[in-house]
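Below is one structure, written out as structure tokens; comments come after it.
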Amino acid sequence: AVSVEAVEDVREQLASLTHPGFVTECGMGRLAHMARYLVAARKRIGALPGSATREARGMAVLDRVYGELDRVLARLPDGARASDAVVAVHWMIEELRVSLFAQAVGTAGPVSEQRVLSAITELARRPA
């Protein structure tokens, strides 16, 4: 079951990262990181099924992070949901994924569940 959940999570991740217009949307600065995210996703899938414990822990972290993000976004005005700060949190989550599932690939900087949750909390504090 964990393997199926991991494959589905990676499928959703790839769909959100690589869609029509993604190159323009993410810009040259962020595009440089895209290959790393894709390599990390491939390594994650390649480690299955032997990485079941890591998968379960990582998915629990993502569930908490996405749950909090959804809660905060639901309270933001429509226009604020696409703000630069919200986009930055989404990219932090991509870095967190690398940290959780393919640590050897390396992250662009320090990242943790707590850092992401703090950034999400800051979204709620920003003026509308």
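Quick note on naming: the chains in the structure tokens go A, B, ... in the order shown, residues restart at 1 in each chain, and ligands are numbered from 1 in order of appearance.
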
Can you tell me, as a PyMOL selection string, what residues are no more than 9 Å from Ala85 (chain A) when counting only C-alpha atoms, ignoring any on the same chain fewer than 5 positions away? chain A and resi 80+90+119-120+122-123

Fewer than 3 positions away in the same chain doesn't count, so skip those; otherwise give me all residues within 8 Å of Arg75 (chain A), counting only C-alpha atoms, as a ChimeraX atom specification. /A:71-72,124

Atoms kept (N, CA, C and O atoms) for selection, written as a CSV table (one decimal), in the first residue's frame:
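Saved result, again_31.csv, follows:
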chain,number,residue,atom,x,y,z
A,71,ARG,N,-5.4,24.6,5.1
A,71,ARG,CA,-6.2,25.3,6.1
A,71,ARG,C,-6.0,26.8,6.0
A,71,ARG,O,-6.9,27.6,6.0
A,72,VAL,N,-4.7,27.2,5.8
A,72,VAL,CA,-4.3,28.6,5.7
A,72,VAL,C,-4.9,29.2,4.4
A,72,VAL,O,-5.4,30.3,4.4
A,124,ALA,N,-0.5,33.3,6.9
A,124,ALA,CA,-1.7,33.6,7.6
A,124,ALA,C,-1.6,35.0,8.3
A,124,ALA,O,-2.6,35.7,8.5

Among chain A, which residues carry a DSSP assignment of helix (DSSP H, G or I), reported as a PyMOL selection string? chain A and resi 2-17+22-46+52-75+78-82+84-101+103-105+113-125

May I ask which of the residues A:Gly67, A:Pro49, A:Pro110, A:Gly79 is the closest one to Val7 (chain A), counting only C-alpha atoms? A:Pro49

Choose the residue, out of A:Ala52, A:Ala82, A:Val61, A:Leu38, that has the smallest atom-to-atom separation from Gln13 (chain A); count only C-alpha atoms. A:Leu38

Neighbouring residues of Arg36 (chain A) were defined as those with any atom within 9 Å, considering only C-alpha atoms; residues of the same chain fewer than 4 positions away were excluded. Please report them as a PyMOL selection string. chain A and resi 32+40-41+98+105-107

Contact residues around Arg30 (chain A) with only C-alpha atoms at 12 Å, ignoring same-chain residues under 4 positions, as an NGL selection string: :A and (17 or 22-26 or 34-37 or 87-88 or 90-92 or 94-95 or 108)

I need the residues from that last selection saved to file as a PDB file, in the first residue's frame (with N, CA, C and O atoms), if you can.
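To be explicit, this is the file written out as result-v5.pdb:
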ATOM      1  N   LEU A  17       4.453  19.824 -11.368  1.00  0.00           N
ATOM      2  CA  LEU A  17       5.718  20.446 -11.785  1.00  0.00           C
ATOM      3  C   LEU A  17       5.821  20.635 -13.291  1.00  0.00           C
ATOM      4  O   LEU A  17       6.349  21.640 -13.760  1.00  0.00           O
ATOM      5  N   PHE A  22       4.864  25.251 -17.897  1.00  0.00           N
ATOM      6  CA  PHE A  22       5.616  25.246 -16.647  1.00  0.00           C
ATOM      7  C   PHE A  22       6.956  25.968 -16.757  1.00  0.00           C
ATOM      8  O   PHE A  22       7.416  26.579 -15.793  1.00  0.00           O
ATOM      9  N   VAL A  23       7.593  25.934 -17.920  1.00  0.00           N
ATOM     10  CA  VAL A  23       8.898  26.586 -18.066  1.00  0.00           C
ATOM     11  C   VAL A  23       8.747  28.093 -17.858  1.00  0.00           C
ATOM     12  O   VAL A  23       9.489  28.712 -17.087  1.00  0.00           O
ATOM     13  N   THR A  24       7.762  28.682 -18.505  1.00  0.00           N
ATOM     14  CA  THR A  24       7.509  30.109 -18.350  1.00  0.00           C
ATOM     15  C   THR A  24       7.057  30.426 -16.932  1.00  0.00           C
ATOM     16  O   THR A  24       7.504  31.394 -16.323  1.00  0.00           O
ATOM     17  N   GLU A  25       6.202  29.580 -16.396  1.00  0.00           N
ATOM     18  CA  GLU A  25       5.641  29.806 -15.065  1.00  0.00           C
ATOM     19  C   GLU A  25       6.711  29.808 -13.975  1.00  0.00           C
ATOM     20  O   GLU A  25       6.699  30.655 -13.092  1.00  0.00           O
ATOM     21  N   CYS A  26       7.635  28.863 -14.039  1.00  0.00           N
ATOM     22  CA  CYS A  26       8.605  28.780 -12.947  1.00  0.00           C
ATOM     23  C   CYS A  26       9.800  29.705 -13.152  1.00  0.00           C
ATOM     24  O   CYS A  26      10.474  30.053 -12.182  1.00  0.00           O
ATOM     25  N   MET A  34      14.577  22.318 -11.249  1.00  0.00           N
ATOM     26  CA  MET A  34      13.620  21.325 -11.720  1.00  0.00           C
ATOM     27  C   MET A  34      14.266  19.953 -11.937  1.00  0.00           C
ATOM     28  O   MET A  34      13.704  18.934 -11.537  1.00  0.00           O
ATOM     29  N   ALA A  35      15.443  19.927 -12.545  1.00  0.00           N
ATOM     30  CA  ALA A  35      16.111  18.638 -12.797  1.00  0.00           C
ATOM     31  C   ALA A  35      16.375  17.905 -11.478  1.00  0.00           C
ATOM     32  O   ALA A  35      16.200  16.681 -11.394  1.00  0.00           O
ATOM     33  N   ARG A  36      16.731  18.645 -10.450  1.00  0.00           N
ATOM     34  CA  ARG A  36      17.001  18.030  -9.143  1.00  0.00           C
ATOM     35  C   ARG A  36      15.732  17.418  -8.562  1.00  0.00           C
ATOM     36  O   ARG A  36      15.756  16.312  -8.013  1.00  0.00           O
ATOM     37  N   TYR A  37      14.612  18.115  -8.721  1.00  0.00           N
ATOM     38  CA  TYR A  37      13.350  17.574  -8.216  1.00  0.00           C
ATOM     39  C   TYR A  37      12.979  16.285  -8.951  1.00  0.00           C
ATOM     40  O   TYR A  37      12.486  15.334  -8.342  1.00  0.00           O
ATOM     41  N   VAL A  87       3.606  30.960  -3.510  1.00  0.00           N
ATOM     42  CA  VAL A  87       4.430  30.239  -4.485  1.00  0.00           C
ATOM     43  C   VAL A  87       5.740  29.791  -3.827  1.00  0.00           C
ATOM     44  O   VAL A  87       6.197  28.658  -4.019  1.00  0.00           O
ATOM     45  N   ALA A  88       6.322  30.658  -3.020  1.00  0.00           N
ATOM     46  CA  ALA A  88       7.579  30.317  -2.329  1.00  0.00           C
ATOM     47  C   ALA A  88       7.383  29.125  -1.397  1.00  0.00           C
ATOM     48  O   ALA A  88       8.259  28.256  -1.303  1.00  0.00           O
ATOM     49  N   HIS A  90       5.220  26.699  -1.830  1.00  0.00           N
ATOM     50  CA  HIS A  90       5.131  25.503  -2.687  1.00  0.00           C
ATOM     51  C   HIS A  90       6.527  25.017  -3.084  1.00  0.00           C
ATOM     52  O   HIS A  90       6.791  23.813  -3.089  1.00  0.00           O
ATOM     53  N   TRP A  91       7.437  25.941  -3.398  1.00  0.00           N
ATOM     54  CA  TRP A  91       8.801  25.544  -3.745  1.00  0.00           C
ATOM     55  C   TRP A  91       9.536  24.992  -2.530  1.00  0.00           C
ATOM     56  O   TRP A  91      10.336  24.064  -2.650  1.00  0.00           O
ATOM     57  N   MET A  92       9.267  25.528  -1.355  1.00  0.00           N
ATOM     58  CA  MET A  92       9.864  24.973  -0.131  1.00  0.00           C
ATOM     59  C   MET A  92       9.435  23.520   0.054  1.00  0.00           C
ATOM     60  O   MET A  92      10.236  22.684   0.487  1.00  0.00           O
ATOM     61  N   GLU A  94       8.733  21.440  -2.311  1.00  0.00           N
ATOM     62  CA  GLU A  94       9.514  20.617  -3.242  1.00  0.00           C
ATOM     63  C   GLU A  94      10.887  20.304  -2.657  1.00  0.00           C
ATOM     64  O   GLU A  94      11.387  19.186  -2.767  1.00  0.00           O
ATOM     65  N   GLU A  95      11.498  21.293  -2.027  1.00  0.00           N
ATOM     66  CA  GLU A  95      12.795  21.060  -1.377  1.00  0.00           C
ATOM     67  C   GLU A  95      12.642  20.072  -0.224  1.00  0.00           C
ATOM     68  O   GLU A  95      13.495  19.200  -0.019  1.00  0.00           O
ATOM     69  N   ALA A 108      18.485  22.946  -1.984  1.00  0.00           N
ATOM     70  CA  ALA A 108      19.038  24.263  -2.325  1.00  0.00           C
ATOM     71  C   ALA A 108      19.419  25.048  -1.079  1.00  0.00           C
ATOM     72  O   ALA A 108      20.117  26.050  -1.176  1.00  0.00           O
TER      73      ALA A 108
END

Nearest candidate to Gly109 (chain A) (options A:Val65, A:Leu96, A:Ile45, A:Leu73; using only C-alpha atoms): A:Leu96
